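Participant: Contents of final35.pdb (PDB, C-alpha atoms):
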ATOM      1  CA  MET A   1     -17.224  81.454 148.405
ATOM      2  CA  SER A   2     -20.124  82.166 150.735
ATOM      3  CA  LYS A   3     -19.802  82.697 154.457
ATOM      4  CA  PRO A   4     -19.614  79.557 156.596
ATOM      5  CA  LEU A   5     -22.935  78.153 157.794
ATOM      6  CA  ASN A   6     -23.726  77.983 161.484
ATOM      7  CA  VAL A   7     -26.389  76.347 163.609
ATOM      8  CA  GLY A   8     -29.512  78.526 163.458
ATOM      9  CA  ASP A   9     -28.835  79.818 159.936
ATOM     10  CA  PRO A  10     -31.475  79.300 157.250
ATOM     11  CA  ALA A  11     -30.545  76.272 155.155
ATOM     12  CA  PRO A  12     -29.556  77.254 151.622
ATOM     13  CA  ASP A  13     -32.093  75.966 149.124
ATOM     14  CA  PHE A  14     -30.968  73.699 146.308
ATOM     15  CA  ASP A  15     -32.503  72.169 143.215
ATOM     16  CA  LEU A  16     -30.742  68.948 142.239
ATOM     17  CA  SER A  17     -31.400  65.936 140.019
ATOM     18  CA  SER A  18     -32.151  62.628 141.666
ATOM     19  CA  ALA A  19     -33.116  59.102 140.635
ATOM     20  CA  GLY A  20     -35.971  58.641 138.212
ATOM     21  CA  GLY A  21     -35.574  62.121 136.733
ATOM     22  CA  LYS A  22     -36.885  63.716 139.929
ATOM     23  CA  ARG A  23     -35.741  67.057 141.278
ATOM     24  CA  VAL A  24     -35.066  67.550 144.973
ATOM     25  CA  ASN A  25     -35.208  70.819 146.893
ATOM     26  CA  LEU A  26     -36.188  72.002 150.368
ATOM     27  CA  ALA A  27     -39.844  72.526 149.413
ATOM     28  CA  ARG A  28     -40.181  68.884 148.355
ATOM     29  CA  PHE A  29     -39.624  67.821 151.967
ATOM     30  CA  LYS A  30     -42.075  70.243 153.585
ATOM     31  CA  GLY A  31     -42.992  69.204 157.132
ATOM     32  CA  LYS A  32     -39.967  66.915 157.461
ATOM     33  CA  GLN A  33     -36.529  67.214 158.957
ATOM     34  CA  ILE A  34     -33.786  66.729 156.393
ATOM     35  CA  ILE A  35     -30.566  64.866 157.006
ATOM     36  CA  LEU A  36     -28.424  66.322 154.227
ATOM     37  CA  TYR A  37     -25.129  64.516 153.961
ATOM     38  CA  PHE A  38     -22.340  65.292 151.536
ATOM     39  CA  TYR A  39     -19.895  62.608 150.495
ATOM     40  CA  PRO A  40     -16.930  62.523 148.105
ATOM     41  CA  LYS A  41     -17.627  59.671 145.659
ATOM     42  CA  ASP A  42     -20.004  56.811 144.889
ATOM     43  CA  ASP A  43     -18.816  53.251 145.463
ATOM     44  CA  THR A  44     -15.715  54.053 147.520
ATOM     45  CA  SER A  45     -15.166  52.313 150.844
ATOM     46  CA  GLY A  46     -16.034  55.172 153.247
ATOM     47  CA  CYS A  47     -18.919  56.471 151.159
ATOM     48  CA  THR A  48     -20.357  52.985 150.757
ATOM     49  CA  ALA A  49     -20.144  52.323 154.508
ATOM     50  CA  GLU A  50     -21.842  55.649 155.253
ATOM     51  CA  ALA A  51     -24.650  55.030 152.728
ATOM     52  CA  LEU A  52     -25.196  51.502 154.071
ATOM     53  CA  ASN A  53     -25.335  52.816 157.649
ATOM     54  CA  PHE A  54     -27.936  55.438 156.673
ATOM     55  CA  THR A  55     -29.882  52.740 154.789
ATOM     56  CA  GLU A  56     -29.839  50.452 157.813
ATOM     57  CA  ALA A  57     -31.331  53.250 159.929
ATOM     58  CA  ALA A  58     -33.809  54.489 157.273
ATOM     59  CA  ALA A  59     -36.921  53.309 159.142
ATOM     60  CA  LYS A  60     -35.725  54.963 162.360
ATOM     61  CA  PHE A  61     -35.135  58.248 160.531
ATOM     62  CA  ALA A  62     -38.619  57.997 158.991
ATOM     63  CA  ALA A  63     -40.069  57.438 162.487
ATOM     64  CA  ALA A  64     -38.294  60.645 163.569
ATOM     65  CA  ASP A  65     -40.033  62.489 160.680
ATOM     66  CA  ALA A  66     -36.718  62.862 158.853
ATOM     67  CA  VAL A  67     -35.637  62.150 155.293
ATOM     68  CA  VAL A  68     -32.059  61.299 154.410
ATOM     69  CA  LEU A  69     -30.555  62.849 151.302
ATOM     70  CA  GLY A  70     -26.990  62.145 150.164
ATOM     71  CA  VAL A  71     -25.256  64.577 147.803
ATOM     72  CA  SER A  72     -22.104  64.213 145.732
ATOM     73  CA  ALA A  73     -20.879  65.535 142.402
ATOM     74  CA  ASP A  74     -21.404  62.120 140.768
ATOM     75  CA  SER A  75     -23.999  61.786 137.999
ATOM     76  CA  VAL A  76     -27.528  60.464 138.518
ATOM     77  CA  ALA A  77     -26.514  57.382 136.490
ATOM     78  CA  SER A  78     -23.627  56.774 138.883
ATOM     79  CA  HIS A  79     -25.971  57.193 141.866
ATOM     80  CA  ASP A  80     -28.489  54.769 140.351
ATOM     81  CA  LYS A  81     -25.774  52.162 139.795
ATOM     82  CA  PHE A  82     -24.390  52.704 143.330
ATOM     83  CA  ALA A  83     -27.856  52.431 144.930
ATOM     84  CA  ALA A  84     -28.740  49.283 142.949
ATOM     85  CA  LYS A  85     -25.428  47.596 143.716
ATOM     86  CA  TYR A  86     -25.867  47.977 147.494
ATOM     87  CA  GLY A  87     -29.660  48.128 147.850
ATOM     88  CA  LEU A  88     -29.524  51.666 149.243
ATOM     89  CA  LYS A  89     -32.732  53.113 150.681
ATOM     90  CA  VAL A  90     -31.525  56.699 150.890
ATOM     91  CA  GLN A  91     -32.126  59.231 148.163
ATOM     92  CA  LEU A  92     -29.007  60.389 146.337
ATOM     93  CA  ALA A  93     -28.821  63.740 144.567
ATOM     94  CA  SER A  94     -26.368  64.782 141.894
ATOM     95  CA  ASP A  95     -24.566  68.132 142.073
ATOM     96  CA  PRO A  96     -22.056  68.109 139.177
ATOM     97  CA  GLU A  97     -21.970  71.930 139.100
ATOM     98  CA  LYS A  98     -21.171  71.849 142.845
ATOM     99  CA  SER A  99     -23.721  74.598 143.580
ATOM    100  CA  ALA A 100     -25.158  73.064 146.770
ATOM    101  CA  ILE A 101     -21.723  71.706 147.643
ATOM    102  CA  ALA A 102     -20.381  75.283 147.567
ATOM    103  CA  ASP A 103     -23.429  76.808 149.311
ATOM    104  CA  TYR A 104     -23.004  74.401 152.222
ATOM    105  CA  GLY A 105     -19.253  75.107 152.374
ATOM    106  CA  VAL A 106     -18.109  71.544 151.783
ATOM    107  CA  TRP A 107     -15.946  72.168 148.681
ATOM    108  CA  VAL A 108     -12.637  72.432 150.496
ATOM    109  CA  GLU A 109      -8.909  72.093 150.106
ATOM    110  CA  LYS A 110      -7.779  68.593 151.054
ATOM    111  CA  LYS A 111      -4.403  66.924 151.443
ATOM    112  CA  LEU A 112      -3.443  63.346 150.736
ATOM    113  CA  TYR A 113       0.101  62.006 150.709
ATOM    114  CA  GLY A 114       1.468  65.552 150.536
ATOM    115  CA  ARG A 115      -0.716  66.468 147.559
ATOM    116  CA  THR A 116      -3.156  69.367 147.891
ATOM    117  CA  TYR A 117      -6.393  69.312 145.896
ATOM    118  CA  MET A 118     -10.017  70.488 146.078
ATOM    119  CA  GLY A 119     -12.682  67.992 147.065
ATOM    120  CA  ILE A 120     -15.892  67.377 148.971
ATOM    121  CA  GLU A 121     -15.592  67.327 152.743
ATOM    122  CA  ARG A 122     -17.676  64.547 154.291
ATOM    123  CA  ALA A 123     -20.242  66.566 156.262
ATOM    124  CA  THR A 124     -23.820  66.249 157.489
ATOM    125  CA  PHE A 125     -26.438  68.919 158.179
ATOM    126  CA  LEU A 126     -29.595  68.391 160.223
ATOM    127  CA  ILE A 127     -32.188  70.786 158.833
ATOM    128  CA  GLY A 128     -35.277  71.365 160.965
ATOM    129  CA  LYS A 129     -38.861  71.550 159.747
ATOM    130  CA  ASP A 130     -38.496  75.344 159.909
ATOM    131  CA  ARG A 131     -35.647  75.060 157.347
ATOM    132  CA  ARG A 132     -33.010  76.224 159.812
ATOM    133  CA  ILE A 133     -29.815  74.310 160.430
ATOM    134  CA  ARG A 134     -30.115  72.470 163.743
ATOM    135  CA  ARG A 135     -26.782  70.660 163.764
ATOM    136  CA  ILE A 136     -23.629  70.408 161.660
ATOM    137  CA  TRP A 137     -21.073  67.619 161.579
ATOM    138  CA  ARG A 138     -17.882  68.379 159.647
ATOM    139  CA  LYS A 139     -14.938  66.133 158.789
ATOM    140  CA  VAL A 140     -17.157  63.166 159.554
ATOM    141  CA  ARG A 141     -15.696  59.837 160.574
ATOM    142  CA  VAL A 142     -18.084  57.167 159.318
ATOM    143  CA  LYS A 143     -17.992  54.824 162.326
ATOM    144  CA  GLY A 144     -20.769  55.785 164.761
ATOM    145  CA  HIS A 145     -21.788  58.862 162.782
ATOM    146  CA  VAL A 146     -25.253  57.695 161.712
ATOM    147  CA  ASP A 147     -26.143  56.801 165.318
ATOM    148  CA  GLU A 148     -25.186  60.315 166.417
ATOM    149  CA  VAL A 149     -27.244  61.911 163.630
ATOM    150  CA  LEU A 150     -30.228  59.689 164.417
ATOM    151  CA  GLU A 151     -30.088  60.630 168.100
ATOM    152  CA  ALA A 152     -30.038  64.339 167.177
ATOM    153  CA  ALA A 153     -32.982  63.892 164.773
ATOM    154  CA  GLN A 154     -34.992  62.044 167.399
ATOM    155  CA  LYS A 155     -34.412  64.851 169.931
ATOM    156  CA  ALA A 156     -35.232  67.657 167.496
TER     157      ALA A 156
END
Take the structure in the file and write it out as C-alpha cells.

Facilitator:
Amino acid sequence: MSKPLNVGDPAPDFDLSSAGGKRVNLARFKGKQIILYFYPKDDTSGCTAEALNFTEAAAKFAAADAVVLGVSADSVASHDKFAAKYGLKVQLASDPEKSAIADYGVWVEKKLYGRTYMGIERATFLIGKDRRIRRIWRKVRVKGHVDEVLEAAQKA
C-alpha cells in the first residue's frame, strides 16, 4: 500500500476505461480542475444519491472549470446501465483492478454488523489544474457533500 495522500501532493495518474470505450487519465483533462470521487457500488442508495447530486450541479462545476469523474470497481457496462437509468451527467470510470482505488488510498478495511471486510471508502479529491491535490474529503456523508465540493472548486 502506498503512503497516504495529503493536500499539496501530486495527484497519482490513472488510466481507466469509461463509457463509449474511452480512456480517462489526468492528461485528458488538461487545463481543468478534476473532482475525482470514489464510491462503493453502482445503483445503491448512497451512491445513487451522490451521483444524482453531482449531476444536478454539473453545470456549476463546468462554470468553475471543473470536471466530475466518479470511480468504482464496477464494469463499464454497469456504469453505462447506472448512468442511463438515472440520466447521470457525470463521467464514470471503471477500476476493476483497483489500481487508482489503491493509489488514492480508498481501498480500506470496513465494518458492518460486526463483519470486517475490504471495500471502497467514499472519498472525494479536488485536483487543481497543476495536478496537485487541493482538498480531500474522506468518509463522505452524501448529504451536503456536493455543495461543499462545489464551493471549494469555485474558490480554487

Participant: Pick out the closest residue to Asn53 (chain A) from this set: A:Ala83, A:Val90, A:Leu126, A:Ala11. Count all atoms listed in the file.

Facilitator: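 Using all atoms listed in the file, the shortest distance to Asn53 (chain A) belongs to A:Val90.
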
Participant: Quick one: pull the distance between CA of Val67 (chain A) and CA of Val149 (chain A), Å, one decimal.

Facilitator: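 It comes out at 11.8 Å.
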
Participant: Expanded to explicit residues, what is the PyMOL selection byres ((chain A and resi 26) around 8) for this file, as a PyMOL selection string?

Facilitator: chain A and resi 13-14+24-25+27-30+131

Participant: Distance CA of Thr124 (chain A)-CA of Gly20 (chain A), one decimal place?

Facilitator: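 Computed distance, CA of Thr124 (chain A) to CA of Gly20 (chain A), equals 24.0 Å.
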
Participant: I need the residue nearest Pro10 (chain A) from this list: A:Lys22, A:Arg115, A:Asp130, A:Ile136. Use all atoms listed in the file for the distance.

Facilitator: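 When distances to Pro10 (chain A) are compared using all atoms listed in the file, the smallest one comes from A:Asp130.
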
Participant: Could you tell me which residues the PyMOL selection byres ((chain A and resi 132) around 10) grabs in this file, written as a ChimeraX atom specification?

Facilitator: /A:6-12,33,125-131,133-135

Participant: Can you sort out the box for region 94-113 of chain A, edges along x, y and z, all listed atoms in, 5 Å on every side, with centre and edge lengths in Å to one decimal, as JSON?

Facilitator:
{"center_x": -13.1, "center_y": 69.4, "center_z": 145.7, "size_x": 36.5, "size_y": 24.8, "size_z": 23.3}

Participant: Measure the distance from CA of Gly21 (chain A) to CA of Phe61 (chain A) in Å and round it to one decimal.

Facilitator: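 CA of Gly21 (chain A) sits 24.1 Å away from CA of Phe61 (chain A).
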
Participant: Evaluate the PyMOL selection byres ((chain A and resi 42) around 10) here and jot the selected residues down as a list in words.

Facilitator: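 Checked against the file, the PyMOL selection byres ((chain A and resi 42) around 10) matches Tyr39, Pro40, Lys41, Asp43, Thr44, Ser45, Gly46, Cys47, Thr48, Ala51, Val71, Ser72, Ala73, Asp74, Ser75, Ser78, His79, Asp80, Lys81, Phe82, Ala83 and Leu92 of chain A.
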
Participant: For Ala123 (chain A), which of A:Lys111, A:Arg141, A:Glu97, A:Gly31 is the closest residue, counting all atoms listed in the file?

Facilitator: A:Arg141

Participant: Around (-6.4, 74.7, 152.3) in the file's frame, which residues reach within 12 Å when counting only C-alpha atoms? Return as a ChimeraX atom specification?

Facilitator: /A:107-112,115-119,121

Participant: Given only C-alpha atoms as the basis, pick out the residue of A:Tyr113, A:Tyr86, A:Trp137, A:Phe54 nearest to Gly70 (chain A).

Facilitator: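 Nearest to Gly70 (chain A): A:Phe54.
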